[in-house]
file structure_30.txt (compact mmCIF, C-alpha atoms (C1' of nucleotides))
# COMPACT_ATOMS: atom_id res chain seq x y z
CA MET A 1 36.55 -10.39 -7.88
CA LEU A 2 32.79 -10.55 -7.84
CA ARG A 3 32.51 -7.78 -5.33
CA TYR A 4 33.91 -5.20 -7.70
CA ILE A 5 31.76 -6.19 -10.66
CA CYS A 6 28.57 -6.23 -8.71
CA THR A 7 28.83 -3.62 -6.01
CA MET A 8 25.17 -3.08 -5.40
CA GLY A 9 23.23 -6.30 -5.25
CA ILE A 10 24.12 -9.89 -4.54
CA VAL A 11 27.75 -10.40 -3.59
CA ARG A 12 27.70 -13.75 -1.86
CA ARG A 13 25.80 -16.84 -2.90
CA THR A 14 24.04 -17.69 0.32
CA LYS A 15 21.40 -20.26 1.22
CA SER A 16 18.66 -17.62 1.24
CA VAL A 17 19.60 -16.39 -2.23
CA ASP A 18 19.48 -19.94 -3.56
CA ALA A 19 16.20 -20.68 -1.82
CA ILE A 20 14.53 -17.57 -3.19
CA LEU A 21 15.82 -18.12 -6.73
CA GLU A 22 14.55 -21.70 -6.45
CA GLU A 23 11.05 -20.40 -5.67
CA PHE A 24 11.12 -18.37 -8.87
CA LYS A 25 12.29 -21.44 -10.78
CA ILE A 26 9.35 -23.49 -9.48
CA ASN A 27 6.82 -20.72 -10.00
CA SER A 28 7.01 -19.13 -13.42
CA GLY A 29 4.73 -16.24 -12.54
CA ALA A 30 5.06 -13.43 -10.04
CA ILE A 31 5.24 -14.11 -6.31
CA SER A 32 4.09 -11.74 -3.59
CA VAL A 33 6.58 -10.92 -0.86
CA VAL A 34 3.95 -11.86 1.70
CA SER A 35 3.63 -15.40 0.38
CA LEU A 36 7.39 -15.71 -0.05
CA VAL A 37 8.02 -14.65 3.55
CA ASP A 38 5.37 -17.12 4.66
CA GLN A 39 6.70 -19.93 2.48
CA LEU A 40 10.24 -19.52 3.77
CA SER A 41 9.42 -18.55 7.35
CA SER A 42 10.76 -21.77 8.85
CA ARG A 43 14.15 -21.29 7.22
CA PHE A 44 14.67 -17.52 6.97
CA ASN A 45 13.71 -14.33 8.73
CA LYS A 46 11.35 -12.04 6.89
CA THR A 47 13.95 -9.24 6.99
CA THR A 48 16.32 -11.50 5.09
CA VAL A 49 13.71 -12.26 2.45
CA TYR A 50 13.02 -8.55 1.97
CA ARG A 51 16.73 -7.78 1.71
CA VAL A 52 17.56 -10.59 -0.70
CA LEU A 53 14.69 -9.53 -2.97
CA ASP A 54 15.99 -5.96 -2.88
CA ARG A 55 19.41 -7.10 -3.95
CA LEU A 56 18.11 -9.37 -6.69
CA GLU A 57 16.15 -6.43 -8.03
CA GLU A 58 19.21 -4.16 -7.94
CA ASP A 59 21.03 -6.72 -10.05
CA GLY A 60 18.20 -6.84 -12.57
CA ILE A 61 17.42 -10.49 -11.83
CA LEU A 62 13.97 -9.72 -10.48
CA HIS A 63 11.64 -6.79 -10.89
CA SER A 64 8.92 -5.66 -8.53
CA PHE A 65 5.52 -4.02 -8.76
CA LEU A 66 2.49 -3.49 -6.57
CA GLY A 67 -0.67 -5.57 -6.77
CA LYS A 68 -4.17 -4.14 -6.56
CA THR A 69 -4.13 -3.98 -2.77
CA GLY A 70 -0.71 -2.34 -2.65
CA ILE A 71 1.40 -5.30 -1.62
CA LYS A 72 4.67 -6.01 -3.36
CA TRP A 73 5.18 -8.70 -5.98
CA TYR A 74 8.35 -9.87 -7.65
CA ALA A 75 8.89 -11.64 -10.95
CA LYS A 76 11.90 -12.76 -12.94
CA CYS A 77 13.24 -10.24 -15.41
CA SER A 78 13.90 -11.19 -18.98
CA GLY A 79 16.35 -9.06 -20.88
CA CYS A 80 17.22 -6.83 -17.94
CA SER A 81 20.50 -6.06 -16.24
CA ALA A 82 21.57 -3.97 -13.27
CA SER A 83 22.16 -1.02 -15.59
CA GLU A 84 19.22 -1.36 -17.94
CA HIS A 85 15.74 -2.28 -16.97
CA HIS A 86 13.45 -3.21 -19.83
CA ASP A 87 10.47 -4.22 -17.79
CA VAL A 88 7.74 -1.78 -18.54
CA HIS A 89 5.32 -4.51 -19.43
CA PRO A 90 1.89 -4.85 -17.84
CA HIS A 91 1.10 -7.34 -15.13
CA PHE A 92 -2.00 -9.45 -14.93
CA GLN A 93 -3.78 -10.52 -11.77
CA CYS A 94 -6.48 -13.19 -11.95
CA LEU A 95 -9.51 -12.20 -9.91
CA SER A 96 -10.50 -15.84 -9.43
CA CYS A 97 -7.32 -17.68 -8.49
CA GLY A 98 -5.18 -14.70 -7.50
CA LYS A 99 -2.28 -15.71 -9.72
CA VAL A 100 -0.20 -12.84 -11.03
CA ASP A 101 2.15 -12.80 -13.98
CA CYS A 102 3.87 -10.67 -16.55
CA LEU A 103 2.34 -10.01 -19.94
CA THR A 104 4.52 -9.80 -23.00
CA VAL A 105 2.11 -7.54 -24.83
CA ASN A 106 3.03 -3.97 -25.48
CA VAL A 107 0.61 -1.34 -24.26
CA ARG A 108 0.98 1.85 -26.23
CA ILE A 109 0.88 4.88 -24.01
CA PRO A 110 -0.49 7.78 -26.06
CA SER A 111 1.53 10.94 -25.77
CA ILE A 112 0.02 13.32 -23.27
CA PRO A 113 -0.08 17.01 -24.24
CA ASN A 114 2.41 19.10 -22.26
CA ARG A 115 3.68 16.18 -20.22
CA LYS A 116 6.61 13.87 -20.43
CA VAL A 117 5.85 10.28 -19.53
CA GLU A 118 8.92 8.59 -18.11
CA ALA A 119 7.53 5.46 -16.50
CA SER A 120 4.34 3.45 -16.36
CA GLN A 121 2.78 0.84 -14.15
CA ILE A 122 -0.02 -1.11 -15.70
CA LEU A 123 -1.96 -3.68 -13.76
CA LEU A 124 -4.70 -5.57 -15.55
CA GLN A 125 -7.20 -7.77 -13.78
CA GLY A 126 -9.60 -10.39 -14.98
CA GLN A 127 -9.74 -14.11 -15.64
CA CYS A 128 -6.63 -16.10 -16.47
CA GLU A 129 -6.49 -18.98 -18.93
CA ALA A 130 -7.04 -21.63 -16.24
CA CYS A 131 -10.01 -19.82 -14.72
CA LEU A 132 -11.79 -19.01 -18.01
CA VAL A 133 -14.36 -21.82 -17.51
CA MET B 1 -36.18 10.34 2.55
CA LEU B 2 -32.53 10.55 1.69
CA ARG B 3 -31.64 7.54 3.74
CA TYR B 4 -33.67 5.22 1.52
CA ILE B 5 -32.35 6.57 -1.77
CA CYS B 6 -28.76 6.43 -0.79
CA THR B 7 -28.31 3.49 1.51
CA MET B 8 -24.64 2.95 1.04
CA GLY B 9 -22.65 6.15 1.15
CA ILE B 10 -23.26 9.60 2.51
CA VAL B 11 -26.55 9.94 4.35
CA ARG B 12 -26.00 13.02 6.48
CA ARG B 13 -24.35 16.23 5.43
CA THR B 14 -21.87 16.65 8.24
CA LYS B 15 -19.01 19.08 8.79
CA SER B 16 -16.42 16.52 7.80
CA VAL B 17 -18.19 15.75 4.53
CA ASP B 18 -18.31 19.46 3.70
CA ALA B 19 -14.68 19.99 4.68
CA ILE B 20 -13.48 17.11 2.54
CA LEU B 21 -15.56 18.11 -0.48
CA GLU B 22 -14.19 21.62 -0.04
CA GLU B 23 -10.64 20.27 -0.31
CA PHE B 24 -11.52 18.69 -3.63
CA LYS B 25 -13.04 21.96 -4.78
CA ILE B 26 -9.83 23.85 -3.98
CA ASN B 27 -7.55 21.20 -5.44
CA SER B 28 -8.59 20.09 -8.90
CA GLY B 29 -6.21 17.11 -8.98
CA ALA B 30 -6.00 14.01 -6.87
CA ILE B 31 -5.28 14.17 -3.14
CA SER B 32 -3.55 11.49 -1.13
CA VAL B 33 -5.32 10.28 2.00
CA VAL B 34 -2.14 10.91 3.94
CA SER B 35 -2.08 14.61 3.07
CA LEU B 36 -5.82 14.92 3.60
CA VAL B 37 -5.60 13.38 7.07
CA ASP B 38 -2.70 15.70 7.82
CA GLN B 39 -4.46 18.76 6.42
CA LEU B 40 -7.60 18.14 8.46
CA SER B 41 -5.96 16.71 11.58
CA SER B 42 -6.83 19.70 13.76
CA ARG B 43 -10.52 19.40 12.95
CA PHE B 44 -11.16 15.70 12.34
CA ASN B 45 -9.90 12.34 13.40
CA LYS B 46 -8.11 10.30 10.74
CA THR B 47 -10.66 7.51 11.09
CA THR B 48 -13.37 9.96 10.13
CA VAL B 49 -11.44 11.09 7.07
CA TYR B 50 -10.96 7.49 5.95
CA ARG B 51 -14.63 6.73 6.49
CA VAL B 52 -15.98 9.83 4.74
CA LEU B 53 -13.74 9.10 1.73
CA ASP B 54 -15.06 5.54 1.67
CA ARG B 55 -18.62 6.79 1.61
CA LEU B 56 -17.95 9.42 -1.05
CA GLU B 57 -16.46 6.69 -3.20
CA GLU B 58 -19.44 4.41 -2.66
CA ASP B 59 -21.66 7.20 -3.93
CA GLY B 60 -19.50 7.69 -7.02
CA ILE B 61 -18.50 11.21 -6.02
CA LEU B 62 -14.83 10.30 -5.65
CA HIS B 63 -12.73 7.46 -6.98
CA SER B 64 -9.55 6.06 -5.52
CA PHE B 65 -6.36 4.51 -6.77
CA LEU B 66 -2.89 3.70 -5.45
CA GLY B 67 0.17 5.83 -6.11
CA LYS B 68 3.59 4.44 -6.93
CA THR B 69 4.43 3.74 -3.30
CA GLY B 70 1.10 2.09 -2.58
CA ILE B 71 -0.62 4.89 -0.71
CA LYS B 72 -4.20 5.77 -1.51
CA TRP B 73 -5.26 8.78 -3.57
CA TYR B 74 -8.70 10.13 -4.24
CA ALA B 75 -9.99 12.32 -7.06
CA LYS B 76 -13.35 13.65 -8.10
CA CYS B 77 -15.29 11.48 -10.49
CA SER B 78 -16.75 12.88 -13.64
CA GLY B 79 -19.61 10.99 -15.19
CA CYS B 80 -19.82 8.39 -12.45
CA SER B 81 -22.62 7.39 -10.11
CA ALA B 82 -23.01 4.92 -7.29
CA SER B 83 -24.22 2.29 -9.74
CA GLU B 84 -21.91 2.96 -12.67
CA HIS B 85 -18.25 3.74 -12.43
CA HIS B 86 -16.69 5.04 -15.61
CA ASP B 87 -13.28 5.80 -14.23
CA VAL B 88 -10.87 3.51 -15.95
CA HIS B 89 -8.69 6.38 -17.03
CA PRO B 90 -4.96 6.54 -16.26
CA HIS B 91 -3.49 8.67 -13.51
CA PHE B 92 -0.39 10.79 -13.79
CA GLN B 93 2.11 11.44 -11.01
CA CYS B 94 4.72 14.15 -11.48
CA LEU B 95 8.14 12.94 -10.37
CA SER B 96 9.27 16.50 -9.66
CA CYS B 97 6.44 18.15 -7.74
CA GLY B 98 4.54 15.04 -6.68
CA LYS B 99 1.21 16.30 -8.01
CA VAL B 100 -1.17 13.61 -9.16
CA ASP B 101 -4.15 13.92 -11.43
CA CYS B 102 -6.47 12.13 -13.78
CA LEU B 103 -5.81 11.92 -17.49
CA THR B 104 -8.63 12.11 -19.94
CA VAL B 105 -6.78 10.13 -22.60
CA ASN B 106 -7.91 6.66 -23.47
CA VAL B 107 -5.31 3.92 -23.21
CA ARG B 108 -6.19 1.02 -25.45
CA ILE B 109 -5.59 -2.29 -23.71
CA PRO B 110 -4.80 -4.86 -26.39
CA SER B 111 -6.74 -8.08 -26.05
CA ILE B 112 -4.70 -10.75 -24.32
CA PRO B 113 -4.89 -14.28 -25.76
CA ASN B 114 -6.86 -16.64 -23.53
CA ARG B 115 -7.56 -14.04 -20.88
CA LYS B 116 -10.44 -11.78 -20.09
CA VAL B 117 -9.42 -8.32 -18.93
CA GLU B 118 -12.05 -6.88 -16.61
CA ALA B 119 -10.27 -3.96 -14.98
CA SER B 120 -7.12 -1.93 -15.36
CA GLN B 121 -5.04 0.39 -13.25
CA ILE B 122 -2.65 2.58 -15.15
CA LEU B 123 -0.27 4.91 -13.40
CA LEU B 124 2.00 7.06 -15.52
CA GLN B 125 4.89 9.03 -14.14
CA GLY B 126 7.00 11.82 -15.51
CA GLN B 127 7.03 15.59 -15.68
CA CYS B 128 3.86 17.61 -15.48
CA GLU B 129 3.19 20.79 -17.43
CA ALA B 130 4.40 23.08 -14.65
CA CYS B 131 7.62 21.13 -14.12
CA LEU B 132 8.55 20.78 -17.81
CA VAL B 133 11.16 23.58 -17.58
C1' DT C 1 43.26 -21.67 7.63
C1' DT C 2 42.48 -17.05 8.56
C1' DA C 3 40.89 -12.25 8.07
C1' DT C 4 37.56 -9.58 6.29
C1' DT C 5 33.19 -7.97 5.34
C1' DA C 6 28.66 -9.27 3.47
C1' DA C 7 24.63 -11.32 5.09
C1' DT C 8 21.57 -12.79 8.73
C1' DG C 9 18.37 -12.88 12.83
C1' DC C 10 16.16 -10.51 16.13
C1' DA C 11 13.56 -7.05 18.28
C1' DA C 12 11.79 -2.92 17.97
C1' DC C 13 10.03 0.38 15.08
C1' DT C 14 7.36 3.15 11.17
C1' DG C 15 3.51 4.19 8.41
C1' DT C 16 -0.97 3.26 6.37
C1' DG C 17 -5.15 1.74 7.13
C1' DT C 18 -8.97 -0.76 10.18
C1' DT C 19 -12.12 -2.06 14.10
C1' DG C 20 -15.14 -1.85 18.26
C1' DC C 21 -17.55 0.89 21.09
C1' DA C 22 -19.35 4.75 23.66
C1' DA C 23 -20.59 9.51 22.90
C1' DA C 24 -22.12 13.17 19.84
C1' DT C 25 -24.81 14.94 16.10
C1' DG C 26 -27.95 15.35 12.03
C1' DT C 27 -32.57 14.76 10.52
C1' DA C 28 -37.37 12.99 10.05
C1' DA C 29 -41.41 13.11 12.35
C1' DA C 30 -44.34 14.69 16.16
C1' DT D 1 -39.47 23.40 18.58
C1' DT D 2 -38.79 19.24 20.57
C1' DT D 3 -38.17 14.39 20.44
C1' DA D 4 -36.37 9.99 18.93
C1' DC D 5 -33.05 7.40 16.91
C1' DA D 6 -29.96 5.98 13.42
C1' DT D 7 -25.81 7.86 11.48
C1' DT D 8 -21.50 9.69 12.31
C1' DT D 9 -17.63 10.72 15.14
C1' DG D 10 -13.45 10.32 18.26
C1' DC D 11 -10.63 7.51 20.61
C1' DA D 12 -7.72 3.80 21.59
C1' DA D 13 -6.20 -0.22 20.24
C1' DC D 14 -5.20 -3.07 16.63
C1' DA D 15 -3.56 -5.28 11.96
C1' DC D 16 -0.35 -5.58 8.53
C1' DA D 17 3.52 -4.62 5.24
C1' DG D 18 7.74 -3.14 5.33
C1' DT D 19 12.20 -0.98 7.63
C1' DT D 20 16.14 -0.14 10.82
C1' DG D 21 20.06 -0.81 14.12
C1' DC D 22 23.03 -3.82 15.87
C1' DA D 23 25.33 -7.92 17.43
C1' DT D 24 26.29 -12.43 15.51
C1' DT D 25 27.15 -15.66 11.72
C1' DA D 26 28.98 -17.21 7.53
C1' DA D 27 30.92 -16.70 2.65
C1' DT D 28 35.01 -15.88 0.32
C1' DA D 29 39.61 -13.85 -1.02
C1' DA D 30 44.11 -14.34 0.25
call {"tool": "encode", "arguments": {"input": "structure_30.txt", "output": "structure tokens"}}
result
Amino acid sequence: MLRYICTMGIVRRTKSVDAILEEFKINSGAISVVSLVDQLSSRFNKTTVYRVLDRLEEDGILHSFLGKTGIKWYAKCSGCSASEHHDVHPHFQCLSCGKVDCLTVNVRIPSIPNRKVEASQILLQGQCEACLV
Amino acid sequence: MLRYICTMGIVRRTKSVDAILEEFKINSGAISVVSLVDQLSSRFNKTTVYRVLDRLEEDGILHSFLGKTGIKWYAKCSGCSASEHHDVHPHFQCLSCGKVDCLTVNVRIPSIPNRKVEASQILLQGQCEACLV
DNA sequence: TTATTAATGCAACTGTGTTGCAAATGTAAA
DNA sequence: TTTACATTTGCAACACAGTTGCATTAATAA
């Protein structure tokens, strides 16, 4: 009974779920919601795209973050589940081609006196492999 | 001839410029544009607030960054000018009281193979001094 | 096959930020 | 002080990302 195991996110395997997961299979990097809505606009309503992405994130299949301009991006999670989310890695946005992806490097956050750091969002920008001349 | 020295940002010392700088004198941390527009709504139009903040940033008096939800925050620069911007420090947002400020710590960004990192935005979240029980 | 309920589409909305333009205001020079 | 004029402002309308309510559609357990 799928619905009891997974009460928060995806319950039914619908065409939109498949289509969105397919996009993340084709594109190994991160995808902005804007481009995803645009890409799928002939087949699905933008509200649907937003809601499916929400549910996939709840299930730990995707994770989201904001790009430089504040728009939302999603990328596949690796090693995450609905209960545990291990994605505190940095993201990298290429200033030439615009491509965004996850970095596997670990950025050490120094301990801050008198504060408790509980989460971090790190966005790096520069030139990606393909754009480095 | 002020207007020739400083062609990009603030040229005239107007009431709105004074009022906004005053807010940053009162509040030592970062201030979100939303709260600033709200705070000053009886005296200035929101467009004016946005434009003055833009100009103060151009002159290197303030710097801006995005909070967790993608809204814009401004904080006073220290050691910056219109030509050189030294603010690549992390920002800290308290999850309890919502206060945001600049951290003086240096986060070392490890070099990423085959990529050139040119900029970084680091937002840390947790408990600030006042909220740490 | 049917009953149930999750998922969808649509339209209208929210919130943040932007633009064009006429009117107001600050400032250099007379 | 007054004048001249570019900068700054307010306003209204817009742009854009994302959300909400609700009736309809479709996936799935039985």
call {"tool": "closest_atom_pairs", "arguments": {"input": "structure_30.txt", "of": "chain C", "to": "chain B", "cutoff": "10 Å", "atoms": "all atoms listed in the file", "output": "JSON lines"}}
result
{"residue": "C:DG15", "atom": "C1'", "partner": "B:Val34", "partner_atom": "CA", "distance": 9.9}
{"residue": "C:DT16", "atom": "C1'", "partner": "B:Ile71", "partner_atom": "CA", "distance": 7.3}
{"residue": "C:DG17", "atom": "C1'", "partner": "B:Tyr50", "partner_atom": "CA", "distance": 8.3}
{"residue": "C:DT18", "atom": "C1'", "partner": "B:Thr47", "partner_atom": "CA", "distance": 8.5}
{"residue": "C:DT25", "atom": "C1'", "partner": "B:Thr14", "partner_atom": "CA", "distance": 8.6}
{"residue": "C:DG26", "atom": "C1'", "partner": "B:Arg12", "partner_atom": "CA", "distance": 6.3}
{"residue": "C:DT27", "atom": "C1'", "partner": "B:Arg12", "partner_atom": "CA", "distance": 7.9}
{"residue": "C:DA28", "atom": "C1'", "partner": "B:Met1", "partner_atom": "CA", "distance": 8.0}
call {"tool": "residues_near_point", "arguments": {"input": "structure_30.txt", "point": "(18.0, -10.0, -1.4)", "cutoff": "12 Å", "atoms": "all atoms listed in the file", "output": "PyMOL selection string"}}
result
(chain A and resi 8-21+33+44-63+74) or (chain C and resi 6-8)
call {"tool": "atom_distance", "arguments": {"input": "structure_30.txt", "atom1": "CA of Trp73 in chain A", "atom2": "CA of Leu66 in chain B"}}
result
14.8 Å
call {"tool": "interface_residues", "arguments": {"input": "structure_30.txt", "of": "chain A", "to": "chain B", "cutoff": "12 Å", "atoms": "only C-alpha atoms", "output": "NGL selection string"}}
result
:A and (64-72 or 88-96 or 101-133)
call {"tool": "interface_residues", "arguments": {"input": "structure_30.txt", "of": "chain D", "to": "chain A", "cutoff": "8 Å", "atoms": "all atoms listed in the file", "output": "PyMOL selection string"}}
result
chain D and resi 17+27-28
call {"tool": "atom_distance", "arguments": {"input": "structure_30.txt", "atom1": "C1' of DT19 in chain C", "atom2": "CA of Ser41 in chain A"}}
result
28.0 Å
call {"tool": "decode", "arguments": {"input": "structure_30.txt", "residues": "chain C", "atoms": "C-alpha atoms (C1' of nucleotides)", "output": "mmCIF file, in the first residue's frame"}}
result
data_model
loop_
_atom_site.group_PDB
_atom_site.id
_atom_site.type_symbol
_atom_site.label_atom_id
_atom_site.label_comp_id
_atom_site.auth_asym_id
_atom_site.auth_seq_id
_atom_site.Cartn_x
_atom_site.Cartn_y
_atom_site.Cartn_z
ATOM 1 C "C1'" DT C 1 -15.250 -2.822 -13.130
ATOM 2 C "C1'" DT C 2 -16.025 0.346 -9.639
ATOM 3 C "C1'" DA C 3 -15.197 3.526 -5.764
ATOM 4 C "C1'" DT C 4 -12.101 6.403 -3.879
ATOM 5 C "C1'" DT C 5 -8.961 9.949 -3.554
ATOM 6 C "C1'" DA C 6 -4.686 11.829 -5.525
ATOM 7 C "C1'" DA C 7 -3.429 14.652 -9.200
ATOM 8 C "C1'" DT C 8 -4.436 17.998 -12.750
ATOM 9 C "C1'" DG C 9 -5.869 22.301 -15.299
ATOM 10 C "C1'" DC C 10 -7.491 26.624 -15.072
ATOM 11 C "C1'" DA C 11 -8.064 31.196 -13.627
ATOM 12 C "C1'" DA C 12 -7.215 34.289 -10.463
ATOM 13 C "C1'" DC C 13 -4.200 35.757 -7.130
ATOM 14 C "C1'" DT C 14 0.218 37.154 -4.205
ATOM 15 C "C1'" DG C 15 4.587 39.190 -3.584
ATOM 16 C "C1'" DT C 16 8.933 41.125 -5.151
ATOM 17 C "C1'" DG C 17 10.905 43.898 -8.109
ATOM 18 C "C1'" DT C 18 10.927 47.037 -12.609
ATOM 19 C "C1'" DT C 19 9.735 50.658 -16.138
ATOM 20 C "C1'" DG C 20 8.115 55.001 -18.379
ATOM 21 C "C1'" DC C 21 6.947 59.414 -17.739
ATOM 22 C "C1'" DA C 22 5.520 63.780 -15.823
ATOM 23 C "C1'" DA C 23 6.367 66.553 -11.772
ATOM 24 C "C1'" DA C 24 9.347 67.929 -7.987
ATOM 25 C "C1'" DT C 25 13.747 68.969 -6.006
ATOM 26 C "C1'" DG C 26 18.824 69.555 -5.254
ATOM 27 C "C1'" DT C 27 22.783 71.997 -6.755
ATOM 28 C "C1'" DA C 28 26.141 74.536 -9.709
ATOM 29 C "C1'" DA C 29 26.627 78.693 -11.719
ATOM 30 C "C1'" DA C 30 25.093 83.437 -12.605
#
